[in-house]
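File shown: upload-v1.pdb. Contents: PDB, N, CA and C atoms and all ligand atoms.
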ATOM      1  N   MET A 771     100.334  89.396  75.992  1.00  0.00           N
ATOM      2  CA  MET A 771     101.781  89.560  75.835  1.00  0.00           C
ATOM      3  C   MET A 771     102.073  90.950  75.258  1.00  0.00           C
ATOM      4  N   ILE A 772     103.042  91.616  75.884  1.00  0.00           N
ATOM      5  CA  ILE A 772     103.465  92.936  75.422  1.00  0.00           C
ATOM      6  C   ILE A 772     104.927  92.805  74.981  1.00  0.00           C
ATOM      7  N   ILE A 773     105.230  93.337  73.818  1.00  0.00           N
ATOM      8  CA  ILE A 773     106.584  93.212  73.279  1.00  0.00           C
ATOM      9  C   ILE A 773     107.140  94.606  73.042  1.00  0.00           C
ATOM     10  N   GLU A 774     108.368  94.805  73.485  1.00  0.00           N
ATOM     11  CA  GLU A 774     109.020  96.096  73.261  1.00  0.00           C
ATOM     12  C   GLU A 774     110.347  95.893  72.545  1.00  0.00           C
ATOM     13  N   VAL A 775     110.647  96.784  71.630  1.00  0.00           N
ATOM     14  CA  VAL A 775     111.963  96.781  70.991  1.00  0.00           C
ATOM     15  C   VAL A 775     112.666  98.069  71.393  1.00  0.00           C
ATOM     16  N   ASP A 776     113.854  97.935  71.947  1.00  0.00           N
ATOM     17  CA  ASP A 776     114.661  99.097  72.315  1.00  0.00           C
ATOM     18  C   ASP A 776     115.360  99.601  71.051  1.00  0.00           C
ATOM     19  N   ARG A 777     114.849 100.676  70.507  1.00  0.00           N
ATOM     20  CA  ARG A 777     115.371 101.184  69.232  1.00  0.00           C
ATOM     21  C   ARG A 777     116.807 101.692  69.363  1.00  0.00           C
ATOM     22  N   GLU A 778     117.181 102.101  70.553  1.00  0.00           N
ATOM     23  CA  GLU A 778     118.564 102.549  70.758  1.00  0.00           C
ATOM     24  C   GLU A 778     119.534 101.376  70.618  1.00  0.00           C
ATOM     25  N   LYS A 779     119.106 100.210  71.117  1.00  0.00           N
ATOM     26  CA  LYS A 779     119.970  99.028  71.066  1.00  0.00           C
ATOM     27  C   LYS A 779     119.943  98.335  69.710  1.00  0.00           C
ATOM     28  N   CYS A 780     118.797  98.343  69.060  1.00  0.00           N
ATOM     29  CA  CYS A 780     118.606  97.570  67.826  1.00  0.00           C
ATOM     30  C   CYS A 780     119.638  97.959  66.778  1.00  0.00           C
ATOM     31  N   VAL A 781     120.282  96.950  66.200  1.00  0.00           N
ATOM     32  CA  VAL A 781     121.281  97.199  65.161  1.00  0.00           C
ATOM     33  C   VAL A 781     120.813  96.683  63.793  1.00  0.00           C
ATOM     34  N   GLY A 782     119.531  96.358  63.712  1.00  0.00           N
ATOM     35  CA  GLY A 782     118.970  95.913  62.437  1.00  0.00           C
ATOM     36  C   GLY A 782     119.549  94.605  61.953  1.00  0.00           C
ATOM     37  N   ALA A 783     119.921  93.749  62.890  1.00  0.00           N
ATOM     38  CA  ALA A 783     120.599  92.497  62.534  1.00  0.00           C
ATOM     39  C   ALA A 783     119.660  91.443  61.936  1.00  0.00           C
ATOM     40  N   LEU A 784     118.382  91.658  62.051  1.00  0.00           N
ATOM     41  CA  LEU A 784     117.347  90.872  61.366  1.00  0.00           C
ATOM     42  C   LEU A 784     116.886  89.528  61.946  1.00  0.00           C
ATOM     43  N   PRO A 785     117.637  88.841  62.788  1.00  0.00           N
ATOM     44  CA  PRO A 785     117.134  87.517  63.156  1.00  0.00           C
ATOM     45  C   PRO A 785     115.728  87.516  63.749  1.00  0.00           C
ATOM     46  N   CYS A 786     115.356  88.577  64.454  1.00  0.00           N
ATOM     47  CA  CYS A 786     113.999  88.577  65.021  1.00  0.00           C
ATOM     48  C   CYS A 786     112.955  88.499  63.914  1.00  0.00           C
ATOM     49  N   ILE A 787     113.243  89.158  62.805  1.00  0.00           N
ATOM     50  CA  ILE A 787     112.280  89.168  61.700  1.00  0.00           C
ATOM     51  C   ILE A 787     112.281  87.828  60.972  1.00  0.00           C
ATOM     52  N   ALA A 788     113.458  87.223  60.862  1.00  0.00           N
ATOM     53  CA  ALA A 788     113.541  85.904  60.229  1.00  0.00           C
ATOM     54  C   ALA A 788     112.774  84.869  61.046  1.00  0.00           C
ATOM     55  N   VAL A 789     112.845  84.982  62.383  1.00  0.00           N
ATOM     56  CA  VAL A 789     112.197  83.997  63.250  1.00  0.00           C
ATOM     57  C   VAL A 789     110.694  84.290  63.384  1.00  0.00           C
ATOM     58  N   ALA A 790     110.335  85.552  63.534  1.00  0.00           N
ATOM     59  CA  ALA A 790     108.930  85.910  63.773  1.00  0.00           C
ATOM     60  C   ALA A 790     108.491  87.029  62.819  1.00  0.00           C
ATOM     61  N   PRO A 791     108.360  86.703  61.542  1.00  0.00           N
ATOM     62  CA  PRO A 791     108.062  87.740  60.547  1.00  0.00           C
ATOM     63  C   PRO A 791     106.668  88.345  60.648  1.00  0.00           C
ATOM     64  N   LYS A 792     105.778  87.678  61.380  1.00  0.00           N
ATOM     65  CA  LYS A 792     104.435  88.255  61.531  1.00  0.00           C
ATOM     66  C   LYS A 792     104.347  89.165  62.757  1.00  0.00           C
ATOM     67  N   THR A 793     105.453  89.251  63.489  1.00  0.00           N
ATOM     68  CA  THR A 793     105.472  90.087  64.698  1.00  0.00           C
ATOM     69  C   THR A 793     106.367  91.313  64.526  1.00  0.00           C
ATOM     70  N   PHE A 794     107.516  91.110  63.873  1.00  0.00           N
ATOM     71  CA  PHE A 794     108.498  92.196  63.753  1.00  0.00           C
ATOM     72  C   PHE A 794     108.709  92.598  62.295  1.00  0.00           C
ATOM     73  N   LYS A 795     109.053  93.856  62.130  1.00  0.00           N
ATOM     74  CA  LYS A 795     109.377  94.378  60.805  1.00  0.00           C
ATOM     75  C   LYS A 795     110.444  95.462  60.979  1.00  0.00           C
ATOM     76  N   LEU A 796     111.213  95.725  59.947  1.00  0.00           N
ATOM     77  CA  LEU A 796     112.193  96.814  60.010  1.00  0.00           C
ATOM     78  C   LEU A 796     111.583  98.079  59.431  1.00  0.00           C
ATOM     79  N   ASP A 797     111.822  99.213  60.092  1.00  0.00           N
ATOM     80  CA  ASP A 797     111.339 100.474  59.536  1.00  0.00           C
ATOM     81  C   ASP A 797     112.403 101.061  58.603  1.00  0.00           C
ATOM     82  N   LYS A 798     112.154 102.254  58.118  1.00  0.00           N
ATOM     83  CA  LYS A 798     113.080 102.863  57.140  1.00  0.00           C
ATOM     84  C   LYS A 798     114.456 103.168  57.742  1.00  0.00           C
ATOM     85  N   ASP A 799     114.525 103.273  59.067  1.00  0.00           N
ATOM     86  CA  ASP A 799     115.814 103.503  59.735  1.00  0.00           C
ATOM     87  C   ASP A 799     116.521 102.192  60.074  1.00  0.00           C
ATOM     88  N   LYS A 800     115.988 101.076  59.589  1.00  0.00           N
ATOM     89  CA  LYS A 800     116.543  99.740  59.841  1.00  0.00           C
ATOM     90  C   LYS A 800     116.510  99.379  61.328  1.00  0.00           C
ATOM     91  N   LYS A 801     115.444  99.790  61.976  1.00  0.00           N
ATOM     92  CA  LYS A 801     115.190  99.424  63.367  1.00  0.00           C
ATOM     93  C   LYS A 801     113.930  98.574  63.396  1.00  0.00           C
ATOM     94  N   ALA A 802     113.970  97.531  64.223  1.00  0.00           N
ATOM     95  CA  ALA A 802     112.804  96.652  64.292  1.00  0.00           C
ATOM     96  C   ALA A 802     111.680  97.311  65.087  1.00  0.00           C
ATOM     97  N   TYR A 803     110.457  97.004  64.705  1.00  0.00           N
ATOM     98  CA  TYR A 803     109.293  97.423  65.480  1.00  0.00           C
ATOM     99  C   TYR A 803     108.258  96.302  65.431  1.00  0.00           C
ATOM    100  N   VAL A 804     107.319  96.392  66.335  1.00  0.00           N
ATOM    101  CA  VAL A 804     106.300  95.343  66.449  1.00  0.00           C
ATOM    102  C   VAL A 804     105.130  95.697  65.539  1.00  0.00           C
ATOM    103  N   ILE A 805     104.850  94.800  64.595  1.00  0.00           N
ATOM    104  CA  ILE A 805     103.700  95.050  63.719  1.00  0.00           C
ATOM    105  C   ILE A 805     102.433  94.419  64.290  1.00  0.00           C
ATOM    106  N   ASP A 806     102.606  93.299  65.014  1.00  0.00           N
ATOM    107  CA  ASP A 806     101.437  92.639  65.606  1.00  0.00           C
ATOM    108  C   ASP A 806     101.916  91.734  66.744  1.00  0.00           C
ATOM    109  N   PRO A 807     101.636  92.110  67.992  1.00  0.00           N
ATOM    110  CA  PRO A 807     102.102  91.281  69.116  1.00  0.00           C
ATOM    111  C   PRO A 807     101.506  89.879  69.127  1.00  0.00           C
ATOM    112  N   LYS A 808     100.436  89.690  68.374  1.00  0.00           N
ATOM    113  CA  LYS A 808      99.833  88.357  68.290  1.00  0.00           C
ATOM    114  C   LYS A 808     100.103  87.692  66.946  1.00  0.00           C
ATOM    115  N   GLY A 809     101.024  88.279  66.179  1.00  0.00           N
ATOM    116  CA  GLY A 809     101.326  87.739  64.853  1.00  0.00           C
ATOM    117  C   GLY A 809     101.907  86.330  64.907  1.00  0.00           C
ATOM    118  N   ASN A 810     102.767  86.106  65.890  1.00  0.00           N
ATOM    119  CA  ASN A 810     103.359  84.776  66.105  1.00  0.00           C
ATOM    120  C   ASN A 810     103.063  84.369  67.545  1.00  0.00           C
ATOM    121  N   ASN A 811     103.133  83.074  67.811  1.00  0.00           N
ATOM    122  CA  ASN A 811     102.828  82.627  69.175  1.00  0.00           C
ATOM    123  C   ASN A 811     103.976  82.952  70.138  1.00  0.00           C
ATOM    124  N   TYR A 812     103.710  82.758  71.424  1.00  0.00           N
ATOM    125  CA  TYR A 812     104.671  83.152  72.450  1.00  0.00           C
ATOM    126  C   TYR A 812     106.025  82.478  72.265  1.00  0.00           C
ATOM    127  N   LYS A 813     106.014  81.173  71.988  1.00  0.00           N
ATOM    128  CA  LYS A 813     107.289  80.454  71.849  1.00  0.00           C
ATOM    129  C   LYS A 813     108.130  81.032  70.716  1.00  0.00           C
ATOM    130  N   THR A 814     107.472  81.378  69.628  1.00  0.00           N
ATOM    131  CA  THR A 814     108.188  81.937  68.480  1.00  0.00           C
ATOM    132  C   THR A 814     108.733  83.320  68.811  1.00  0.00           C
ATOM    133  N   VAL A 815     107.931  84.132  69.492  1.00  0.00           N
ATOM    134  CA  VAL A 815     108.395  85.472  69.871  1.00  0.00           C
ATOM    135  C   VAL A 815     109.568  85.362  70.856  1.00  0.00           C
ATOM    136  N   LEU A 816     109.478  84.408  71.771  1.00  0.00           N
ATOM    137  CA  LEU A 816     110.576  84.198  72.722  1.00  0.00           C
ATOM    138  C   LEU A 816     111.851  83.788  71.990  1.00  0.00           C
ATOM    139  N   LEU A 817     111.703  82.901  71.024  1.00  0.00           N
ATOM    140  CA  LEU A 817     112.848  82.479  70.214  1.00  0.00           C
ATOM    141  C   LEU A 817     113.443  83.677  69.467  1.00  0.00           C
ATOM    142  N   ALA A 818     112.570  84.516  68.949  1.00  0.00           N
ATOM    143  CA  ALA A 818     113.027  85.719  68.234  1.00  0.00           C
ATOM    144  C   ALA A 818     113.790  86.635  69.186  1.00  0.00           C
ATOM    145  N   ALA A 819     113.261  86.818  70.394  1.00  0.00           N
ATOM    146  CA  ALA A 819     113.923  87.684  71.374  1.00  0.00           C
ATOM    147  C   ALA A 819     115.292  87.106  71.744  1.00  0.00           C
ATOM    148  N   ARG A 820     115.332  85.792  71.917  1.00  0.00           N
ATOM    149  CA  ARG A 820     116.618  85.150  72.248  1.00  0.00           C
ATOM    150  C   ARG A 820     117.621  85.289  71.107  1.00  0.00           C
ATOM    151  N   SER A 821     117.120  85.378  69.877  1.00  0.00           N
ATOM    152  CA  SER A 821     118.018  85.441  68.721  1.00  0.00           C
ATOM    153  C   SER A 821     118.630  86.824  68.544  1.00  0.00           C
ATOM    154  N   CYS A 822     118.108  87.811  69.236  1.00  0.00           N
ATOM    155  CA  CYS A 822     118.610  89.178  69.074  1.00  0.00           C
ATOM    156  C   CYS A 822     120.005  89.293  69.691  1.00  0.00           C
ATOM    157  N   PRO A 823     120.993  89.663  68.901  1.00  0.00           N
ATOM    158  CA  PRO A 823     122.375  89.691  69.405  1.00  0.00           C
ATOM    159  C   PRO A 823     122.628  90.782  70.438  1.00  0.00           C
ATOM    160  N   VAL A 824     121.746  91.780  70.489  1.00  0.00           N
ATOM    161  CA  VAL A 824     121.978  92.879  71.438  1.00  0.00           C
ATOM    162  C   VAL A 824     120.893  92.945  72.519  1.00  0.00           C
ATOM    163  N   LYS A 825     120.097  91.880  72.618  1.00  0.00           N
ATOM    164  CA  LYS A 825     119.030  91.804  73.633  1.00  0.00           C
ATOM    165  C   LYS A 825     118.147  93.058  73.619  1.00  0.00           C
ATOM    166  N   ALA A 826     117.719  93.438  72.417  1.00  0.00           N
ATOM    167  CA  ALA A 826     116.902  94.648  72.285  1.00  0.00           C
ATOM    168  C   ALA A 826     115.411  94.378  72.493  1.00  0.00           C
ATOM    169  N   ILE A 827     115.043  93.107  72.588  1.00  0.00           N
ATOM    170  CA  ILE A 827     113.619  92.769  72.682  1.00  0.00           C
ATOM    171  C   ILE A 827     113.268  92.354  74.105  1.00  0.00           C
ATOM    172  N   LYS A 828     112.218  92.967  74.617  1.00  0.00           N
ATOM    173  CA  LYS A 828     111.697  92.589  75.927  1.00  0.00           C
ATOM    174  C   LYS A 828     110.276  92.074  75.756  1.00  0.00           C
ATOM    175  N   ILE A 829     109.948  91.058  76.550  1.00  0.00           N
ATOM    176  CA  ILE A 829     108.590  90.510  76.520  1.00  0.00           C
ATOM    177  C   ILE A 829     107.994  90.627  77.920  1.00  0.00           C
ATOM    178  N   PHE A 830     106.776  91.105  77.982  1.00  0.00           N
ATOM    179  CA  PHE A 830     106.051  91.239  79.243  1.00  0.00           C
ATOM    180  C   PHE A 830     104.765  90.414  79.158  1.00  0.00           C
ATOM    181  N   ASP A 831     104.315  89.916  80.314  1.00  0.00           N
ATOM    182  CA  ASP A 831     103.013  89.239  80.291  1.00  0.00           C
ATOM    183  C   ASP A 831     101.915  90.304  80.308  1.00  0.00           C
ATOM    184  N   ASP A 832     100.676  89.860  80.290  1.00  0.00           N
ATOM    185  CA  ASP A 832      99.557  90.808  80.194  1.00  0.00           C
ATOM    186  C   ASP A 832      99.434  91.685  81.439  1.00  0.00           C
ATOM    187  N   GLN A 833     100.065  91.276  82.538  1.00  0.00           N
ATOM    188  CA  GLN A 833     100.039  92.087  83.757  1.00  0.00           C
ATOM    189  C   GLN A 833     101.220  93.067  83.797  1.00  0.00           C
ATOM    190  N   GLY A 834     102.050  93.033  82.770  1.00  0.00           N
ATOM    191  CA  GLY A 834     103.171  93.968  82.707  1.00  0.00           C
ATOM    192  C   GLY A 834     104.445  93.452  83.351  1.00  0.00           C
ATOM    193  N   LYS A 835     104.449  92.169  83.770  1.00  0.00           N
ATOM    194  CA  LYS A 835     105.652  91.595  84.381  1.00  0.00           C
ATOM    195  C   LYS A 835     106.612  91.151  83.279  1.00  0.00           C
ATOM    196  N   GLU A 836     107.880  91.549  83.428  1.00  0.00           N
ATOM    197  CA  GLU A 836     108.870  91.194  82.407  1.00  0.00           C
ATOM    198  C   GLU A 836     109.137  89.694  82.452  1.00  0.00           C
ATOM    199  N   VAL A 837     108.951  89.028  81.327  1.00  0.00           N
ATOM    200  CA  VAL A 837     109.236  87.593  81.273  1.00  0.00           C
ATOM    201  C   VAL A 837     110.507  87.286  80.478  1.00  0.00           C
ATOM    202  N   TYR A 838     110.933  88.229  79.656  1.00  0.00           N
ATOM    203  CA  TYR A 838     112.212  88.080  78.950  1.00  0.00           C
ATOM    204  C   TYR A 838     112.815  89.448  78.713  1.00  0.00           C
ATOM    205  N   PRO A 839     114.106  89.677  78.933  1.00  0.00           N
ATOM    206  CA  PRO A 839     115.059  88.680  79.425  1.00  0.00           C
ATOM    207  C   PRO A 839     114.929  88.430  80.923  1.00  0.00           C
ATOM    208  N   GLY A 840     114.422  89.364  81.681  1.00  0.00           N
ATOM    209  CA  GLY A 840     114.134  89.260  83.110  1.00  0.00           C
ATOM    210  C   GLY A 840     114.633  88.012  83.803  1.00  0.00           C
ATOM    211  N   SER A 841     113.704  87.255  84.374  1.00  0.00           N
ATOM    212  CA  SER A 841     114.084  86.117  85.211  1.00  0.00           C
ATOM    213  C   SER A 841     114.790  85.025  84.416  1.00  0.00           C
ATOM    214  N   GLU A 842     114.373  84.848  83.153  1.00  0.00           N
ATOM    215  CA  GLU A 842     115.009  83.796  82.363  1.00  0.00           C
ATOM    216  C   GLU A 842     116.499  84.084  82.183  1.00  0.00           C
ATOM    217  N   PHE A 843     116.804  85.333  81.892  1.00  0.00           N
ATOM    218  CA  PHE A 843     118.200  85.718  81.699  1.00  0.00           C
ATOM    219  C   PHE A 843     118.979  85.482  82.993  1.00  0.00           C
ATOM    220  N   ASN A 844     118.371  85.876  84.103  1.00  0.00           N
ATOM    221  CA  ASN A 844     119.055  85.731  85.383  1.00  0.00           C
ATOM    222  C   ASN A 844     119.322  84.266  85.702  1.00  0.00           C
ATOM    223  N   LYS A 845     118.345  83.402  85.356  1.00  0.00           N
ATOM    224  CA  LYS A 845     118.499  81.969  85.612  1.00  0.00           C
ATOM    225  C   LYS A 845     119.713  81.415  84.855  1.00  0.00           C
ATOM    226  N   GLU A 846     119.772  81.786  83.557  1.00  0.00           N
ATOM    227  CA  GLU A 846     120.874  81.289  82.730  1.00  0.00           C
ATOM    228  C   GLU A 846     122.209  81.808  83.241  1.00  0.00           C
ATOM    229  N   ASP A 847     122.162  83.047  83.664  1.00  0.00           N
ATOM    230  CA  ASP A 847     123.368  83.731  84.058  1.00  0.00           C
ATOM    231  C   ASP A 847     123.823  83.329  85.464  1.00  0.00           C
ATOM    232  N   ASN A 848     122.876  82.846  86.268  1.00  0.00           N
ATOM    233  CA  ASN A 848     123.152  82.433  87.645  1.00  0.00           C
ATOM    234  C   ASN A 848     123.732  83.536  88.512  1.00  0.00           C
ATOM    235  N   THR A 849     123.397  84.777  88.189  1.00  0.00           N
ATOM    236  CA  THR A 849     123.983  85.866  88.955  1.00  0.00           C
ATOM    237  C   THR A 849     123.037  86.394  90.027  1.00  0.00           C
ATOM    238  N   PHE A 850     121.758  86.034  89.964  1.00  0.00           N
ATOM    239  CA  PHE A 850     120.825  86.538  90.977  1.00  0.00           C
ATOM    240  C   PHE A 850     120.147  85.387  91.693  1.00  0.00           C
TER     241      PHE A 850
HETATM  242  S1  LIG A 901     117.271  90.925  66.195  1.00  0.00           S
HETATM  243 FE1  LIG A 901     117.538  92.648  67.631  1.00  0.00          FE
HETATM  244  S2  LIG A 901     119.019  93.965  66.607  1.00  0.00           S
HETATM  245 FE2  LIG A 901     118.204  92.580  65.057  1.00  0.00          FE
HETATM  246  S3  LIG A 901     116.500  93.688  64.131  1.00  0.00           S
HETATM  247 FE3  LIG A 901     115.671  92.413  65.775  1.00  0.00          FE
HETATM  248  S4  LIG A 901     115.622  93.766  67.569  1.00  0.00           S
HETATM  249 FE4  LIG A 901     116.989  94.684  66.081  1.00  0.00          FE
END
Please go through the file and, once you have read it, give me the structure as structure tokens.
Ligand code: SF4
Amino acid sequence: MIIEVDREKCVGALPCIAVAPKTFKLDKDKKAYVIDPKGNNYKTVLLAARSCPVKAIKIFDDQGKEVYPGSEFNKEDNTF
């Protein structure tokens, strides 16, 4: 699993850290970053990504395919 945080989008709102504190941390600029992609399990990281109010977190599988928000977002949204 590969996790990315879009620092431009991140507003330091914290829920990702509250949900997955072993995966995310805030830096001195109050932007989240990944401290350990294996710190929390996939379900917890997914929950953390879903909790982000600005959708700043992306999750990819080991082959580099986007798994969140990617297809899951599209399914919920029913736009594609
Ligand atoms: S939940 Fe989103 S906006 Fe808040 S700190 Fe995490 S990545 Fe940044």
Sorted per-residue table, chain A near ligand LIG 901 (chain A), closest atoms and distance, 5 Å, all atoms listed in the file, as JSON lines:
{"residue": "A:Cys780", "atom": "CA", "partner": "A:LIG901", "partner_atom": "FE4", "distance": 3.7}
{"residue": "A:Val781", "atom": "N", "partner": "A:LIG901", "partner_atom": "S2", "distance": 3.3}
{"residue": "A:Gly782", "atom": "CA", "partner": "A:LIG901", "partner_atom": "S3", "distance": 3.7}
{"residue": "A:Ala783", "atom": "N", "partner": "A:LIG901", "partner_atom": "FE2", "distance": 3.0}
{"residue": "A:Leu784", "atom": "N", "partner": "A:LIG901", "partner_atom": "FE2", "distance": 3.1}
{"residue": "A:Pro785", "atom": "N", "partner": "A:LIG901", "partner_atom": "S1", "distance": 4.0}
{"residue": "A:Cys786", "atom": "N", "partner": "A:LIG901", "partner_atom": "S1", "distance": 3.5}
{"residue": "A:Ala802", "atom": "N", "partner": "A:LIG901", "partner_atom": "FE4", "distance": 4.5}
{"residue": "A:Ser821", "atom": "C", "partner": "A:LIG901", "partner_atom": "S1", "distance": 4.9}
{"residue": "A:Cys822", "atom": "CA", "partner": "A:LIG901", "partner_atom": "S1", "distance": 3.6}
{"residue": "A:Pro823", "atom": "N", "partner": "A:LIG901", "partner_atom": "FE1", "distance": 4.7}
{"residue": "A:Ala826", "atom": "N", "partner": "A:LIG901", "partner_atom": "FE1", "distance": 4.9}
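With only C-alpha atoms taken into account, the protein and nucleic acid residues at most 8 Å from range 827-833 of chain A (excluding it and anything under 6 positions from it in its own chain) are Met771, Ile772, Ile773, Glu774, Val775, Asp776, Leu816, Ala819 and Pro839 of chain A.
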Two-atom distance - CA of Val789 in chain A, CA of Tyr838 in chain A (Å): 16.2 Å
Take every atom of range 811-823 of chain A listed in the file, fit an axis-aligned box around them, add 6 Å per side, and give the centre and edge lengths in Å to one decimal as AutoDock Vina command-line options.
--center_x 112.7 --center_y 85.6 --center_z 70.3 --size_x 31.8 --size_y 22.3 --size_z 16.9
Using DSSP on the backbone coordinates, identify the residues of chain A assigned to strand (DSSP E or B); present them as a JSON list (two decimals) with N, CA and C atoms, in the frame of the given file.
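After the write, result_20.json holds the following:
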[["chain", "number", "residue", "atom", "x", "y", "z"],
["A", 772, "ILE", "N", 103.04, 91.62, 75.88],
["A", 772, "ILE", "CA", 103.46, 92.94, 75.42],
["A", 772, "ILE", "C", 104.93, 92.80, 74.98],
["A", 773, "ILE", "N", 105.23, 93.34, 73.82],
["A", 773, "ILE", "CA", 106.58, 93.21, 73.28],
["A", 773, "ILE", "C", 107.14, 94.61, 73.04],
["A", 774, "GLU", "N", 108.37, 94.80, 73.48],
["A", 774, "GLU", "CA", 109.02, 96.10, 73.26],
["A", 774, "GLU", "C", 110.35, 95.89, 72.54],
["A", 775, "VAL", "N", 110.65, 96.78, 71.63],
["A", 775, "VAL", "CA", 111.96, 96.78, 70.99],
["A", 775, "VAL", "C", 112.67, 98.07, 71.39],
["A", 794, "PHE", "N", 107.52, 91.11, 63.87],
["A", 794, "PHE", "CA", 108.50, 92.20, 63.75],
["A", 794, "PHE", "C", 108.71, 92.60, 62.30],
["A", 795, "LYS", "N", 109.05, 93.86, 62.13],
["A", 795, "LYS", "CA", 109.38, 94.38, 60.80],
["A", 795, "LYS", "C", 110.44, 95.46, 60.98],
["A", 796, "LEU", "N", 111.21, 95.72, 59.95],
["A", 796, "LEU", "CA", 112.19, 96.81, 60.01],
["A", 796, "LEU", "C", 111.58, 98.08, 59.43],
["A", 802, "ALA", "N", 113.97, 97.53, 64.22],
["A", 802, "ALA", "CA", 112.80, 96.65, 64.29],
["A", 802, "ALA", "C", 111.68, 97.31, 65.09],
["A", 803, "TYR", "N", 110.46, 97.00, 64.70],
["A", 803, "TYR", "CA", 109.29, 97.42, 65.48],
["A", 803, "TYR", "C", 108.26, 96.30, 65.43],
["A", 804, "VAL", "N", 107.32, 96.39, 66.33],
["A", 804, "VAL", "CA", 106.30, 95.34, 66.45],
["A", 804, "VAL", "C", 105.13, 95.70, 65.54],
["A", 827, "ILE", "N", 115.04, 93.11, 72.59],
["A", 827, "ILE", "CA", 113.62, 92.77, 72.68],
["A", 827, "ILE", "C", 113.27, 92.35, 74.10],
["A", 828, "LYS", "N", 112.22, 92.97, 74.62],
["A", 828, "LYS", "CA", 111.70, 92.59, 75.93],
["A", 828, "LYS", "C", 110.28, 92.07, 75.76],
["A", 829, "ILE", "N", 109.95, 91.06, 76.55],
["A", 829, "ILE", "CA", 108.59, 90.51, 76.52],
["A", 829, "ILE", "C", 107.99, 90.63, 77.92],
["A", 830, "PHE", "N", 106.78, 91.10, 77.98],
["A", 830, "PHE", "CA", 106.05, 91.24, 79.24],
["A", 830, "PHE", "C", 104.76, 90.41, 79.16],
["A", 836, "GLU", "N", 107.88, 91.55, 83.43],
["A", 836, "GLU", "CA", 108.87, 91.19, 82.41],
["A", 836, "GLU", "C", 109.14, 89.69, 82.45],
["A", 837, "VAL", "N", 108.95, 89.03, 81.33],
["A", 837, "VAL", "CA", 109.24, 87.59, 81.27],
["A", 837, "VAL", "C", 110.51, 87.29, 80.48],
["A", 838, "TYR", "N", 110.93, 88.23, 79.66],
["A", 838, "TYR", "CA", 112.21, 88.08, 78.95],
["A", 838, "TYR", "C", 112.82, 89.45, 78.71]]
Identify, with DSSP run on backbone atoms, the residues in chain A assigned to helix (DSSP H, G or I), and express the list as a compact mmCIF listing (two decimals) with N, CA and C atoms, in the coordinates of the input.
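See states21.txt below for the written result:
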# COMPACT_ATOMS: atom_id res chain seq x y z
N PRO A 785 117.64 88.84 62.79
CA PRO A 785 117.13 87.52 63.16
C PRO A 785 115.73 87.52 63.75
N CYS A 786 115.36 88.58 64.45
CA CYS A 786 114.00 88.58 65.02
C CYS A 786 112.96 88.50 63.91
N ILE A 787 113.24 89.16 62.80
CA ILE A 787 112.28 89.17 61.70
C ILE A 787 112.28 87.83 60.97
N ALA A 788 113.46 87.22 60.86
CA ALA A 788 113.54 85.90 60.23
C ALA A 788 112.77 84.87 61.05
N VAL A 789 112.84 84.98 62.38
CA VAL A 789 112.20 84.00 63.25
C VAL A 789 110.69 84.29 63.38
N TYR A 812 103.71 82.76 71.42
CA TYR A 812 104.67 83.15 72.45
C TYR A 812 106.02 82.48 72.26
N LYS A 813 106.01 81.17 71.99
CA LYS A 813 107.29 80.45 71.85
C LYS A 813 108.13 81.03 70.72
N THR A 814 107.47 81.38 69.63
CA THR A 814 108.19 81.94 68.48
C THR A 814 108.73 83.32 68.81
N VAL A 815 107.93 84.13 69.49
CA VAL A 815 108.40 85.47 69.87
C VAL A 815 109.57 85.36 70.86
N LEU A 816 109.48 84.41 71.77
CA LEU A 816 110.58 84.20 72.72
C LEU A 816 111.85 83.79 71.99
N LEU A 817 111.70 82.90 71.02
CA LEU A 817 112.85 82.48 70.21
C LEU A 817 113.44 83.68 69.47
N ALA A 818 112.57 84.52 68.95
CA ALA A 818 113.03 85.72 68.23
C ALA A 818 113.79 86.64 69.19
N ALA A 819 113.26 86.82 70.39
CA ALA A 819 113.92 87.68 71.37
C ALA A 819 115.29 87.11 71.74
N ARG A 820 115.33 85.79 71.92
CA ARG A 820 116.62 85.15 72.25
C ARG A 820 117.62 85.29 71.11
N SER A 821 117.12 85.38 69.88
CA SER A 821 118.02 85.44 68.72
C SER A 821 118.63 86.82 68.54
N GLY A 840 114.42 89.36 81.68
CA GLY A 840 114.13 89.26 83.11
C GLY A 840 114.63 88.01 83.80
N SER A 841 113.70 87.26 84.37
CA SER A 841 114.08 86.12 85.21
C SER A 841 114.79 85.02 84.42
N GLU A 842 114.37 84.85 83.15
CA GLU A 842 115.01 83.80 82.36
C GLU A 842 116.50 84.08 82.18
N PHE A 843 116.80 85.33 81.89
CA PHE A 843 118.20 85.72 81.70
C PHE A 843 118.98 85.48 82.99
N ASN A 844 118.37 85.88 84.10
CA ASN A 844 119.06 85.73 85.38
C ASN A 844 119.32 84.27 85.70
N LYS A 845 118.34 83.40 85.36
CA LYS A 845 118.50 81.97 85.61
C LYS A 845 119.71 81.42 84.86
N GLU A 846 119.77 81.79 83.56
CA GLU A 846 120.87 81.29 82.73
C GLU A 846 122.21 81.81 83.24
N ASP A 847 122.16 83.05 83.66
CA ASP A 847 123.37 83.73 84.06
C ASP A 847 123.82 83.33 85.46
CA of Glu836 in chain A to CA of Asp799 in chain A, distance in Å rounded to a single decimal: 26.7 Å
Distance criterion (all atoms listed in the file): nearest to Ala790 in chain A out of A:Arg777, A:Ala818, A:Lys813, A:Asp806: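 Closest to Ala790 in chain A, using all atoms listed in the file: A:Ala818.
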Two-atom distance - atom N of Phe794 in chain A, atom C of Arg820 in chain A (Å): 13.7 Å
